[in-house]
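Quick notes on the structure that follows.
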Amino acid sequence: MTWTFTDDVDVFLDTAGAWLATRPAENNLVLTITATLRSSGPHAYGEDAPVLGWWRGPDGEVAGALVQTPPYRPLLGVVAPEAVGPLAAALPLTAVNADRATAEALAAGWPGHRVEQVQRLYRLGELVPPSPAPSGRPRSAAAADRTLLVAWHRAFAADVGQPDTHAERMVDERTASGGLTLWETGGVPVSMAGVSPRIAGAVRVTAVYTPPEQRGHGYAAAVTAEVSRAAREAGAQEVLLFTDLANPTSNGVYRRLGYQPVSDRLLISADG
C-alpha cells in the first residue's frame with residue numbers, strides 16, 4: 001500500500017494506464033494530460049518536469065493516480081479513500097484539483113483552506129440541439145485562423161483563471177487534428193469550441209469561447225452542439241465537459257443541450 005512517483009510518462013501509463021481507462025469519465029483529465037505529455041514531451045505544460053504518481057492497494061492493484069504539470073496544481077483522478085492519508089504524508093500538498101470527497105479529505109489536514117472553484121463534470125445524454133438555431137454555420141478551424149484562435153484561447157484562459165502558457169501548442173495540435181470548430185456568421189468567426197482526442201472511448205469538449213461583443217446570441221450553444229454531435233458520430237462513447245459551477249449561464253446551456261451532471265471537483269488551497 002504505497003504511492004510511487006515518477007517524471008516518466010511512459011512508466012506512469014504502462015503502470016496505471018489500463019486502470020485509468022476503466023473509468024474514462026472520472027479519469028479523463030489525467031488521461032488527456034498524460035497523453036499530451038507522451039506526444040509533446042515532458043515540458044508541454046511548462047518548464048518544470050511533471051510529477052506522476054499512482055497508488056497500489058492491499059491487493060497490489062492500482063487504485064489512485066495523480067498528475068502535476070507545473071505551473072498547474074496537482075490533479076487527482078479517481079483515488080481510493082484509504083490512499084488519501086498516505087498521499088498527504090508522501091507528497092505534502094498545499095493545493096489540489098480533485099473530486100469533492102478527496103479534496104475535502106486532504107483539506108481536513110490543513111490548518112485552513114479555501115475553495116477557489118467548483119467544477120462540475122457533465123456527460124452527454126441525448127443531444128438536444130438549440131432550437132431555433134442562431135444564424136451562421138460551423139466550420140473546422142484552419143491554419144489561417146491561428147492568430148485569432150491563439151488570442152481566443154488566451155482570453156478563454158483568462159476567463160477561467162488558468163495560465164495561457166500553452167495556447168500556441170494547443171491551437172496547432174487541435175487544428176492539425178480537426179479538434180477545433182468555429183461558428184461563423186456572415187463569414188466572420190463568432191465562437192469556438194474544441195474537443196480533446198478520444199482516449200478510452202471518451203472525449204471532452206474544451207475551450208468553448210465567445211468574445212464578449214458576440215455573446216447572448218446562442219453561438220456557444222450552437223458550436224458546442226456541433227462538436228458534441230461530431231464526436232458522437234466519430235465513435236465517442238462518452239462526450240464530457242467541465243463547467244464552473246458558479247456560472248449559471250454555461251451550466252444552463254449545457255443542461256439544455258442534454259448534458260447530465262456526473263460529479264463535482266474542487267480547486268482548493270491551504271490558507272497562508
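Starting from 1 in every chain, residues are counted up; chains themselves are A, B, ... following the order of the C-alpha cells, and ligands are numbered from 1 as listed.
The list of residues with at least one atom within 8 Å of Pro211 in chain A, based on only C-alpha atoms and without residues fewer than 3 positions apart in the same chain, reads Trp152, Val190, Ser191, Gln214 and Arg215 of chain A.
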Mind writing the picked residues with N, CA and C atoms as a PDB file, in the first residue's frame?
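Saved to again-v1.pdb:
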ATOM      1  N   TRP A 152      -8.059  33.894 -28.802  1.00  0.00           N
ATOM      2  CA  TRP A 152      -9.252  33.415 -28.112  1.00  0.00           C
ATOM      3  C   TRP A 152      -8.907  32.401 -27.022  1.00  0.00           C
ATOM      4  N   VAL A 190     -17.472  33.845 -34.767  1.00  0.00           N
ATOM      5  CA  VAL A 190     -18.079  34.475 -33.595  1.00  0.00           C
ATOM      6  C   VAL A 190     -17.991  33.605 -32.351  1.00  0.00           C
ATOM      7  N   SER A 191     -17.560  32.346 -32.484  1.00  0.00           N
ATOM      8  CA  SER A 191     -17.454  31.464 -31.318  1.00  0.00           C
ATOM      9  C   SER A 191     -16.609  30.265 -31.704  1.00  0.00           C
ATOM     10  N   GLN A 214     -19.942  39.304 -28.843  1.00  0.00           N
ATOM     11  CA  GLN A 214     -20.777  38.385 -29.620  1.00  0.00           C
ATOM     12  C   GLN A 214     -21.652  37.504 -28.727  1.00  0.00           C
ATOM     13  N   ARG A 215     -21.626  37.739 -27.433  1.00  0.00           N
ATOM     14  CA  ARG A 215     -22.378  36.878 -26.527  1.00  0.00           C
ATOM     15  C   ARG A 215     -23.866  37.232 -26.527  1.00  0.00           C
TER      16      ARG A 215
END
May I have a table of the residues of range 72-152 of chain A lying at most 10 Å from range 233-257 of chain A, giving each one's closest pair of atoms and their distance in Å to one decimal, counting only C-alpha atoms, ordered by chain and ascending residue number, as a Markdown table?
| residue | atom | partner | partner_atom | distance |
| --- | --- | --- | --- | --- |
| A:Gln117 | CA | A:Asp244 | CA | 6.9 |
| A:Val118 | CA | A:Leu245 | CA | 5.6 |
| A:Gln119 | CA | A:Asp244 | CA | 4.6 |
| A:Arg120 | CA | A:Thr243 | CA | 5.4 |
| A:Leu121 | CA | A:Phe242 | CA | 4.6 |
| A:Tyr122 | CA | A:Leu241 | CA | 5.4 |
| A:Arg123 | CA | A:Leu240 | CA | 4.6 |
| A:Leu124 | CA | A:Val239 | CA | 5.4 |
| A:Gly125 | CA | A:Val239 | CA | 8.6 |
| A:Glu126 | CA | A:Leu257 | CA | 8.1 |
| A:Leu127 | CA | A:Leu257 | CA | 5.7 |
| A:Val128 | CA | A:Leu257 | CA | 4.6 |
| A:Pro129 | CA | A:Leu257 | CA | 5.9 |
| A:Pro130 | CA | A:Leu257 | CA | 6.9 |
Output of the above residues as an mmCIF file, in the first residue's frame, restricted to N, CA and C atoms:
data_model
loop_
_atom_site.group_PDB
_atom_site.id
_atom_site.type_symbol
_atom_site.label_atom_id
_atom_site.label_comp_id
_atom_site.auth_asym_id
_atom_site.auth_seq_id
_atom_site.Cartn_x
_atom_site.Cartn_y
_atom_site.Cartn_z
ATOM 1 N N GLN A 117 -12.668 27.209 -6.629
ATOM 2 C CA GLN A 117 -13.616 26.965 -7.712
ATOM 3 C C GLN A 117 -14.198 25.573 -7.547
ATOM 4 N N VAL A 118 -15.452 25.422 -7.948
ATOM 5 C CA VAL A 118 -16.087 24.112 -8.030
ATOM 6 C C VAL A 118 -16.397 23.859 -9.504
ATOM 7 N N GLN A 119 -15.858 22.786 -10.031
ATOM 8 C CA GLN A 119 -16.091 22.410 -11.421
ATOM 9 C C GLN A 119 -17.031 21.213 -11.456
ATOM 10 N N ARG A 120 -18.022 21.285 -12.317
ATOM 11 C CA ARG A 120 -18.958 20.161 -12.460
ATOM 12 C C ARG A 120 -18.644 19.407 -13.746
ATOM 13 N N LEU A 121 -18.503 18.093 -13.621
ATOM 14 C CA LEU A 121 -18.309 17.225 -14.776
ATOM 15 C C LEU A 121 -19.671 16.811 -15.315
ATOM 16 N N TYR A 122 -19.867 17.003 -16.606
ATOM 17 C CA TYR A 122 -21.098 16.608 -17.277
ATOM 18 C C TYR A 122 -20.799 15.535 -18.323
ATOM 19 N N ARG A 123 -21.795 14.674 -18.526
ATOM 20 C CA ARG A 123 -21.746 13.648 -19.569
ATOM 21 C C ARG A 123 -22.946 13.854 -20.487
ATOM 22 N N LEU A 124 -22.716 13.787 -21.797
ATOM 23 C CA LEU A 124 -23.796 13.972 -22.747
ATOM 24 C C LEU A 124 -24.742 12.781 -22.738
ATOM 25 N N GLY A 125 -26.051 13.074 -22.565
ATOM 26 C CA GLY A 125 -27.074 12.061 -22.747
ATOM 27 C C GLY A 125 -27.571 12.131 -24.179
ATOM 28 N N GLU A 126 -28.860 12.428 -24.355
ATOM 29 C CA GLU A 126 -29.401 12.628 -25.694
ATOM 30 C C GLU A 126 -29.182 14.072 -26.100
ATOM 31 N N LEU A 127 -28.475 14.279 -27.204
ATOM 32 C CA LEU A 127 -28.172 15.629 -27.654
ATOM 33 C C LEU A 127 -29.448 16.334 -28.116
ATOM 34 N N VAL A 128 -29.626 17.556 -27.609
ATOM 35 C CA VAL A 128 -30.777 18.381 -27.982
ATOM 36 C C VAL A 128 -30.230 19.682 -28.571
ATOM 37 N N PRO A 129 -30.066 19.766 -29.888
ATOM 38 C CA PRO A 129 -29.515 20.985 -30.489
ATOM 39 C C PRO A 129 -30.397 22.192 -30.197
ATOM 40 N N PRO A 130 -29.804 23.382 -30.113
ATOM 41 C CA PRO A 130 -30.606 24.578 -29.824
ATOM 42 C C PRO A 130 -31.644 24.824 -30.906
#
Using DSSP on the backbone, list every residue of range 6-219 of chain A that comes out as strand (DSSP E or B), and give them as a tab-separated table (two decimals) with N, CA and C atoms, in the first residue's frame.
chain	number	residue	atom	x	y	z
A	6	THR	N	7.00	9.34	-10.39
A	6	THR	CA	7.98	9.37	-11.47
A	6	THR	C	7.75	10.63	-12.29
A	51	VAL	N	5.14	15.66	-12.25
A	51	VAL	CA	5.13	14.67	-11.17
A	51	VAL	C	3.92	13.76	-11.42
A	52	LEU	N	4.19	12.48	-11.57
A	52	LEU	CA	3.17	11.50	-11.90
A	52	LEU	C	3.20	10.40	-10.84
A	53	GLY	N	2.04	10.12	-10.26
A	53	GLY	CA	2.03	9.15	-9.17
A	53	GLY	C	0.87	8.18	-9.25
A	54	TRP	N	1.07	7.00	-8.67
A	54	TRP	CA	-0.01	6.02	-8.59
A	54	TRP	C	0.05	5.34	-7.23
A	55	TRP	N	-1.11	4.87	-6.80
A	55	TRP	CA	-1.28	4.19	-5.52
A	55	TRP	C	-1.65	2.74	-5.78
A	56	ARG	N	-1.01	1.85	-5.05
A	56	ARG	CA	-1.40	0.44	-5.09
A	56	ARG	C	-2.04	0.08	-3.76
A	62	VAL	N	-3.45	-1.04	-8.90
A	62	VAL	CA	-3.51	0.42	-8.90
A	62	VAL	C	-4.91	0.86	-8.52
A	63	ALA	N	-4.99	1.86	-7.63
A	63	ALA	CA	-6.30	2.34	-7.15
A	63	ALA	C	-6.26	3.84	-6.90
A	64	GLY	N	-5.41	4.55	-7.61
A	64	GLY	CA	-5.35	6.01	-7.46
A	64	GLY	C	-4.27	6.57	-8.36
A	65	ALA	N	-4.47	7.83	-8.79
A	65	ALA	CA	-3.48	8.45	-9.68
A	65	ALA	C	-3.45	9.96	-9.46
A	66	LEU	N	-2.26	10.52	-9.66
A	66	LEU	CA	-2.02	11.96	-9.51
A	66	LEU	C	-1.13	12.43	-10.66
A	67	VAL	N	-1.44	13.63	-11.15
A	67	VAL	CA	-0.61	14.27	-12.16
A	67	VAL	C	-0.42	15.73	-11.76
A	68	GLN	N	0.83	16.19	-11.78
A	68	GLN	CA	1.09	17.62	-11.62
A	68	GLN	C	1.99	18.08	-12.75
A	75	LEU	N	-3.30	17.38	-9.68
A	75	LEU	CA	-4.63	16.96	-10.12
A	75	LEU	C	-4.76	15.47	-9.87
A	76	LEU	N	-5.84	15.09	-9.22
A	76	LEU	CA	-6.08	13.69	-8.90
A	76	LEU	C	-7.17	13.11	-9.78
A	77	GLY	N	-6.96	11.87	-10.22
A	77	GLY	CA	-8.04	11.12	-10.82
A	77	GLY	C	-8.82	10.43	-9.72
A	78	VAL	N	-9.41	9.31	-10.04
A	78	VAL	CA	-10.06	8.52	-9.00
A	78	VAL	C	-9.00	8.07	-8.00
A	79	VAL	N	-9.30	8.21	-6.71
A	79	VAL	CA	-8.37	7.81	-5.66
A	79	VAL	C	-9.15	7.07	-4.58
A	95	ALA	N	-2.29	22.66	-2.37
A	95	ALA	CA	-3.35	22.96	-3.31
A	95	ALA	C	-3.61	21.70	-4.12
A	96	VAL	N	-4.86	21.54	-4.57
A	96	VAL	CA	-5.19	20.33	-5.31
A	96	VAL	C	-6.44	20.56	-6.14
A	97	ASN	N	-6.54	19.80	-7.21
A	97	ASN	CA	-7.75	19.71	-8.03
A	97	ASN	C	-8.18	18.25	-7.95
A	98	ALA	N	-9.32	18.01	-7.27
A	98	ALA	CA	-9.73	16.64	-7.02
A	98	ALA	C	-11.24	16.57	-6.87
A	99	ASP	N	-11.78	15.35	-6.92
A	99	ASP	CA	-13.20	15.20	-6.66
A	99	ASP	C	-13.51	15.70	-5.25
A	113	HIS	N	-8.34	26.32	4.80
A	113	HIS	CA	-8.34	26.18	3.35
A	113	HIS	C	-9.43	27.05	2.74
A	114	ARG	N	-9.31	27.25	1.45
A	114	ARG	CA	-10.34	27.98	0.71
A	114	ARG	C	-10.63	27.24	-0.58
A	115	VAL	N	-11.89	27.18	-0.92
A	115	VAL	CA	-12.32	26.59	-2.18
A	115	VAL	C	-12.32	27.69	-3.22
A	116	GLU	N	-11.45	27.58	-4.20
A	116	GLU	CA	-11.31	28.61	-5.22
A	116	GLU	C	-12.28	28.44	-6.37
A	117	GLN	N	-12.67	27.21	-6.63
A	117	GLN	CA	-13.62	26.96	-7.71
A	117	GLN	C	-14.20	25.57	-7.55
A	118	VAL	N	-15.45	25.42	-7.95
A	118	VAL	CA	-16.09	24.11	-8.03
A	118	VAL	C	-16.40	23.86	-9.50
A	119	GLN	N	-15.86	22.79	-10.03
A	119	GLN	CA	-16.09	22.41	-11.42
A	119	GLN	C	-17.03	21.21	-11.46
A	120	ARG	N	-18.02	21.28	-12.32
A	120	ARG	CA	-18.96	20.16	-12.46
A	120	ARG	C	-18.64	19.41	-13.75
A	121	LEU	N	-18.50	18.09	-13.62
A	121	LEU	CA	-18.31	17.22	-14.78
A	121	LEU	C	-19.67	16.81	-15.32
A	122	TYR	N	-19.87	17.00	-16.61
A	122	TYR	CA	-21.10	16.61	-17.28
A	122	TYR	C	-20.80	15.54	-18.32
A	123	ARG	N	-21.80	14.67	-18.53
A	123	ARG	CA	-21.75	13.65	-19.57
A	123	ARG	C	-22.95	13.85	-20.49
A	124	LEU	N	-22.72	13.79	-21.80
A	124	LEU	CA	-23.80	13.97	-22.75
A	124	LEU	C	-24.74	12.78	-22.74
A	137	ARG	N	-23.13	29.18	-39.36
A	137	ARG	CA	-22.84	27.77	-39.62
A	137	ARG	C	-21.50	27.42	-38.99
A	138	PRO	N	-21.26	26.12	-38.76
A	138	PRO	CA	-19.96	25.70	-38.23
A	138	PRO	C	-18.98	25.43	-39.36
A	139	ARG	N	-17.71	25.52	-39.04
A	139	ARG	CA	-16.66	25.05	-39.95
A	139	ARG	C	-15.44	24.67	-39.12
A	140	SER	N	-14.66	23.78	-39.66
A	140	SER	CA	-13.42	23.39	-38.98
A	140	SER	C	-12.43	24.54	-39.02
A	180	LEU	N	-10.76	21.59	-33.48
A	180	LEU	CA	-11.28	22.92	-33.20
A	180	LEU	C	-12.33	23.29	-34.23
A	181	THR	N	-13.44	23.81	-33.76
A	181	THR	CA	-14.53	24.20	-34.65
A	181	THR	C	-14.92	25.64	-34.36
A	182	LEU	N	-15.15	26.38	-35.42
A	182	LEU	CA	-15.62	27.76	-35.33
A	182	LEU	C	-17.07	27.83	-35.75
A	183	TRP	N	-17.81	28.72	-35.10
A	183	TRP	CA	-19.13	29.10	-35.60
A	183	TRP	C	-18.96	30.48	-36.23
A	184	GLU	N	-19.41	30.64	-37.44
A	184	GLU	CA	-19.26	31.92	-38.09
A	184	GLU	C	-20.59	32.38	-38.68
A	185	THR	N	-20.76	33.67	-38.73
A	185	THR	CA	-21.95	34.26	-39.32
A	185	THR	C	-21.51	35.39	-40.23
A	188	VAL	N	-17.79	35.65	-40.66
A	188	VAL	CA	-16.97	36.13	-39.55
A	188	VAL	C	-17.07	35.15	-38.39
A	189	PRO	N	-15.93	34.62	-37.86
A	189	PRO	CA	-15.98	33.73	-36.70
A	189	PRO	C	-16.52	34.47	-35.47
A	190	VAL	N	-17.47	33.84	-34.77
A	190	VAL	CA	-18.08	34.48	-33.60
A	190	VAL	C	-17.99	33.60	-32.35
A	191	SER	N	-17.56	32.35	-32.48
A	191	SER	CA	-17.45	31.46	-31.32
A	191	SER	C	-16.61	30.26	-31.70
A	192	MET	N	-16.08	29.57	-30.69
A	192	MET	CA	-15.29	28.37	-30.96
A	192	MET	C	-15.54	27.34	-29.88
A	193	ALA	N	-15.24	26.10	-30.21
A	193	ALA	CA	-15.21	25.01	-29.25
A	193	ALA	C	-14.19	24.00	-29.71
A	194	GLY	N	-13.51	23.40	-28.75
A	194	GLY	CA	-12.54	22.36	-29.05
A	194	GLY	C	-13.01	21.02	-28.51
A	195	VAL	N	-12.34	19.98	-28.92
A	195	VAL	CA	-12.61	18.65	-28.40
A	195	VAL	C	-11.28	17.92	-28.25
A	199	ILE	N	-9.81	9.09	-25.98
A	199	ILE	CA	-9.00	8.16	-25.20
A	199	ILE	C	-9.94	7.29	-24.39
A	202	ALA	N	-13.59	8.09	-24.74
A	202	ALA	CA	-14.15	9.35	-24.24
A	202	ALA	C	-13.44	10.55	-24.85
A	203	VAL	N	-14.20	11.61	-25.10
A	203	VAL	CA	-13.66	12.91	-25.49
A	203	VAL	C	-14.21	13.95	-24.54
A	204	ARG	N	-13.54	15.09	-24.48
A	204	ARG	CA	-14.00	16.19	-23.62
A	204	ARG	C	-14.10	17.47	-24.45
A	205	VAL	N	-15.24	18.11	-24.40
A	205	VAL	CA	-15.41	19.40	-25.04
A	205	VAL	C	-14.65	20.44	-24.22
A	206	THR	N	-13.85	21.26	-24.90
A	206	THR	CA	-12.99	22.21	-24.20
A	206	THR	C	-13.03	23.57	-24.89
A	207	ALA	N	-12.54	24.57	-24.16
A	207	ALA	CA	-12.29	25.90	-24.72
A	207	ALA	C	-13.49	26.44	-25.51
A	208	VAL	N	-14.67	26.35	-24.90
A	208	VAL	CA	-15.85	26.97	-25.51
A	208	VAL	C	-15.77	28.46	-25.20
A	209	TYR	N	-15.63	29.25	-26.25
A	209	TYR	CA	-15.39	30.69	-26.04
A	209	TYR	C	-16.09	31.51	-27.11
Need the shell around Arg154 in chain A: protein/DNA/RNA residues with any atom at most 7 Å away, counting only C-alpha atoms. Skip same-chain ones fewer than 3 positions apart. Format as a ChimeraX atom specification?
/A:150-151,157-158,164,167
Using only N, CA, C and O atoms, please write the residues we just selected to a file, as a compact mmCIF listing (two decimals), in the first residue's frame.
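For reference, out21.txt as written:
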# COMPACT_ATOMS: atom_id res chain seq x y z
N VAL A 150 -5.36 31.62 -31.20
CA VAL A 150 -4.45 31.81 -30.06
C VAL A 150 -4.97 32.92 -29.16
O VAL A 150 -4.99 32.79 -27.92
N ALA A 151 -5.42 34.03 -29.75
CA ALA A 151 -5.97 35.13 -28.95
C ALA A 151 -7.19 34.67 -28.17
O ALA A 151 -7.35 35.02 -26.98
N ALA A 157 -8.54 31.33 -21.28
CA ALA A 157 -7.76 31.04 -20.08
C ALA A 157 -7.93 32.13 -19.03
O ALA A 157 -8.06 31.85 -17.83
N ALA A 158 -7.92 33.38 -19.46
CA ALA A 158 -8.12 34.49 -18.52
C ALA A 158 -9.50 34.42 -17.89
O ALA A 158 -9.66 34.66 -16.68
N ASP A 164 -1.96 30.76 -19.57
CA ASP A 164 -2.12 30.57 -21.02
C ASP A 164 -0.80 30.17 -21.67
O ASP A 164 -0.54 30.46 -22.82
N ALA A 167 -1.05 28.08 -25.20
CA ALA A 167 -2.10 28.40 -26.18
C ALA A 167 -1.66 28.04 -27.59
O ALA A 167 -2.44 27.44 -28.36
If you run DSSP on this backbone, which residues of range 67-238 of chain A come out as helix (DSSP H, G or I), and could you give them as JSON, numbers by chain?
{"A": [81, 82, 83, 84, 85, 86, 87, 88, 89, 90, 100, 101, 102, 103, 104, 105, 106, 107, 143, 144, 145, 146, 147, 148, 149, 150, 151, 152, 153, 154, 155, 156, 157, 158, 159, 160, 167, 168, 169, 170, 171, 172, 173, 174, 175, 176, 177, 212, 213, 214, 219, 220, 221, 222, 223, 224, 225, 226, 227, 228, 229, 230, 231, 232, 233]}
Residues within 12 Å of Gly60 in chain A, only C-alpha atoms, excluding chain neighbours under 5 positions, as a ChimeraX atom specification:
/A:1-3,15-16,54-55
Show which residues sit within 9 Å of Leu106 in chain A, as a list in words. Count only C-alpha atoms, and ignore same-chain residues fewer than 4 positions away.
Val84, Gly85, Leu87, Ala88, Leu93, Val96, Ala101, Thr102 and Trp110 of chain A
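Taking only C-alpha atoms, the non-local environment of Glu47 in chain A within 10 Å (same-chain residues fewer than 3 positions away omitted) comprises Pro42, His43, Ala44, Pro50, Thr69, Pro70 and Pro71 of chain A.
Taking CA of Pro197 in chain A and CA of Ala35 in chain A as the two end points, the separation is 8.9 Å.
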